[in-house]
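Accompanying notes for the structure given below.
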Amino acid sequence: MADLTTNFLGIQSPNPFWLASAPPTDKAYNVERAFEAGWGGVVWKTLGVNPPVVNVNGPRYSSKLSNERRVIGFNNIELISDRSFETNIREIEQVKKNWPDRVIIGSAMFPMEEKYWLELIPEMEKAGVDGFELNFGCPHGMSERGMGSAVGQVPEYVRLCTEFCKKATSLPVIVKLTPNVTNVVPIAEAALEGKADAVSLINTINSIMGVDLDTFNMYPNTGGMGSHGGYCGEAVKPIALNMVAEIARNKKTSGLPISGIGGISSWKDAVEFITLGSTTVQVCTAAMVYGFRIVDELKSGLSGFLDEKGIASVNDLVGRAVPSVTDWKNLNLNHIDKAVIDQDACIKCGRCHIACEDTSHQAITKEKDGVRFFEVIEEECVGCNLCVSVCPVENCITMVAQTEGVDLRTGKPIVNTHSDWTTHPNNPAKVS
């Protein structure tokens, strides 16, 4: 059996699966149930200063559903913990005593005044947390008060608040990054400049879920009025993976440990985050939709995958995919892929033909000898992958690499020799 134990900033966890700072980690009762189910750690729901915030007594959550009514996106307008600082501290202390082998990270969101950090961070440390996560990402409610993403969108504020926290503790400090920025890398660099030990990302994305077409009010709403919220769930995973990879491959931040967050609902999702640079992964929406026992599938799936690949531990998987991520200019423009349709698997639905005929390169037939027959016209296929994307049958259409192609400028055969756009003959800088 592969070793799922992780060492993140010197914090030992029995597995890389943590619950993110959110409703599932709001109180001792929830966290105890999570640990009983097998989660390796939790980031306790974010603590603020007294008096605690007041949440709306109305719809806080809404979802984006697939045609099968499966939750693929989730939105919330819930604020940080609405229980007193003292109550949370007392419960953290008790849960840590009950579960000394599990990780508890304290999440903090205080005003941009050093006194709060110097006073409250030590209180959280005394309760027994293993480290801190600074919530600089919440895009709703708290940002209106000069916290959350209002801090996370300004590199100087990120650096300053990180320094406040580092002055108050010797424990590891993780900075949670907002995706609501043009480029996440400068924010990560600012966290590093503030002496952050790691970053976690992504926090939720600013969003409005919809409009009630009978009342023309945004939905969900409280008494007819609504507010933008934070979007999460499966739909945000590609955005999260990109931001994790950008930090992992950036020269200045490449050694910065990462806790990956954003749409993780299966062990395969977790593997993708880990191979792109994350050491631990945090889950929220999937737990809220399916319950804490989802961790069984996460652990067994990851363990089975590592065994199948002959990889001894999670630590040996971290970052394996990062070298494959590059800028567009470095792509091999002489590489040629062509689509191939498995006729035995094809159900003759015609979606590939319609998509290619109407919106792509007219490279798929619709009949042969007077009957429905879908086949790739190789000389027209540009390898765009659209047909693979729309085909409802897994692996019915695949992309196959070609050893030779045709230079579109000259019509002459080319071989896969160029690996850098700067040396490619089609580069405008090279064409007179």
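Identifiers in this document derive from the order of the structure tokens: chains are assigned A, B, ..., residues are numbered from 1 separately in each chain, and ligands are numbered from 1 in order of occurrence.
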Exercise. If we count only C-alpha atoms, what is near region 368-379 of chain A at a cut-off of 9 Å, once residues fewer than 6 positions away on the same chain are taken out, given as number ranges by chain?
Worked result: A: 338-341, 343, 346, 348, 350, 352-353, 362
Generate the output file for the selected residues, C-alpha atoms, as a PDB file, in the first residue's frame.
```pdb
ATOM      1  CA  LYS A 338      -5.195  13.771 -36.272  1.00  0.00           C
ATOM      2  CA  ALA A 339      -8.528  12.504 -34.960  1.00  0.00           C
ATOM      3  CA  VAL A 340      -9.393   8.829 -35.384  1.00  0.00           C
ATOM      4  CA  ILE A 341     -12.908   7.408 -34.897  1.00  0.00           C
ATOM      5  CA  GLN A 343     -16.073   2.544 -35.765  1.00  0.00           C
ATOM      6  CA  CYS A 346     -19.319   4.821 -32.651  1.00  0.00           C
ATOM      7  CA  LYS A 348     -23.719   7.126 -35.099  1.00  0.00           C
ATOM      8  CA  GLY A 350     -23.487  12.572 -35.553  1.00  0.00           C
ATOM      9  CA  CYS A 352     -18.849  15.103 -34.158  1.00  0.00           C
ATOM     10  CA  HIS A 353     -19.909  15.811 -37.741  1.00  0.00           C
ATOM     11  CA  GLN A 362     -15.432  20.243 -42.219  1.00  0.00           C
TER      12      GLN A 362
END
```
Exercise. Neighbours of Lys195 (chain A) within 8 Å (only C-alpha atoms; same-chain residues fewer than 2 positions away dropped), as a list of chain:residue names?
Worked result: A:Thr162, A:Glu163, A:Lys166, A:Ala191, A:Leu192, A:Glu193, A:Asp197
Report as a tab-separated table the residues of region 216-235 of chain A within 12 Å of region 267-274 of chain A, each with its shortest atom pair and distance in Å (one decimal), using only C-alpha atoms, ordered by chain and increasing residue number.
```
residue	atom	partner	partner_atom	distance
A:Gly233	CA	A:Asp269	CA	11.6
A:Glu234	CA	A:Asp269	CA	9.3
A:Ala235	CA	A:Asp269	CA	12.0
```
Seminar exercise, completed: The distance between CA of Gly148 (chain A) and CA of Pro179 (chain A) is 11.8 Å
For this session: Can you pull out every residue within 7 Å of region 296-307 of chain A, counting only C-alpha atoms, but drop anything in the same chain fewer than 2 positions away, and send it as a VMD selection string?
Result: chain A and resid 1 to 2 4 266 to 267 293 to 294 309 to 312
Taking N, CA and C atoms for each residue, export the selection above as a CSV table (one decimal), in the first residue's frame.
```csv
chain,number,residue,atom,x,y,z
A,1,MET,N,0.8,-1.2,0.0
A,1,MET,CA,0.0,0.0,0.0
A,1,MET,C,0.9,1.2,0.0
A,2,ALA,N,0.5,2.2,-0.8
A,2,ALA,CA,1.3,3.4,-0.9
A,2,ALA,C,1.1,4.2,0.4
A,4,LEU,N,0.2,7.4,2.3
A,4,LEU,CA,-0.6,8.6,2.1
A,4,LEU,C,-0.2,9.7,3.0
A,266,SER,N,-13.0,14.2,-6.5
A,266,SER,CA,-12.6,12.8,-6.8
A,266,SER,C,-11.1,12.7,-6.6
A,267,TRP,N,-10.7,11.4,-6.4
A,267,TRP,CA,-9.2,11.2,-6.3
A,267,TRP,C,-8.5,11.7,-7.5
A,293,ARG,N,-18.2,11.1,4.2
A,293,ARG,CA,-17.7,9.8,3.9
A,293,ARG,C,-17.1,9.8,2.5
A,294,ILE,N,-17.2,10.9,1.7
A,294,ILE,CA,-16.5,10.9,0.4
A,294,ILE,C,-15.0,10.7,0.6
A,309,LYS,N,0.9,2.9,-10.3
A,309,LYS,CA,2.0,3.6,-10.9
A,309,LYS,C,3.4,3.2,-10.3
A,310,GLY,N,3.3,2.5,-9.2
A,310,GLY,CA,4.6,2.1,-8.6
A,310,GLY,C,5.2,3.3,-7.9
A,311,ILE,N,4.4,4.2,-7.4
A,311,ILE,CA,4.9,5.4,-6.7
A,311,ILE,C,4.7,5.1,-5.2
A,312,ALA,N,5.7,5.3,-4.4
A,312,ALA,CA,5.7,4.9,-3.0
A,312,ALA,C,4.9,5.8,-2.1
```
Exercise. Any idea what's packed within 6 Å of region 78-81 of chain A, counting only C-alpha atoms, ignoring anything in its chain fewer than 6 positions away? Could you give it as a PyMOL selection string?
Worked result: chain A and resi 46-47+60
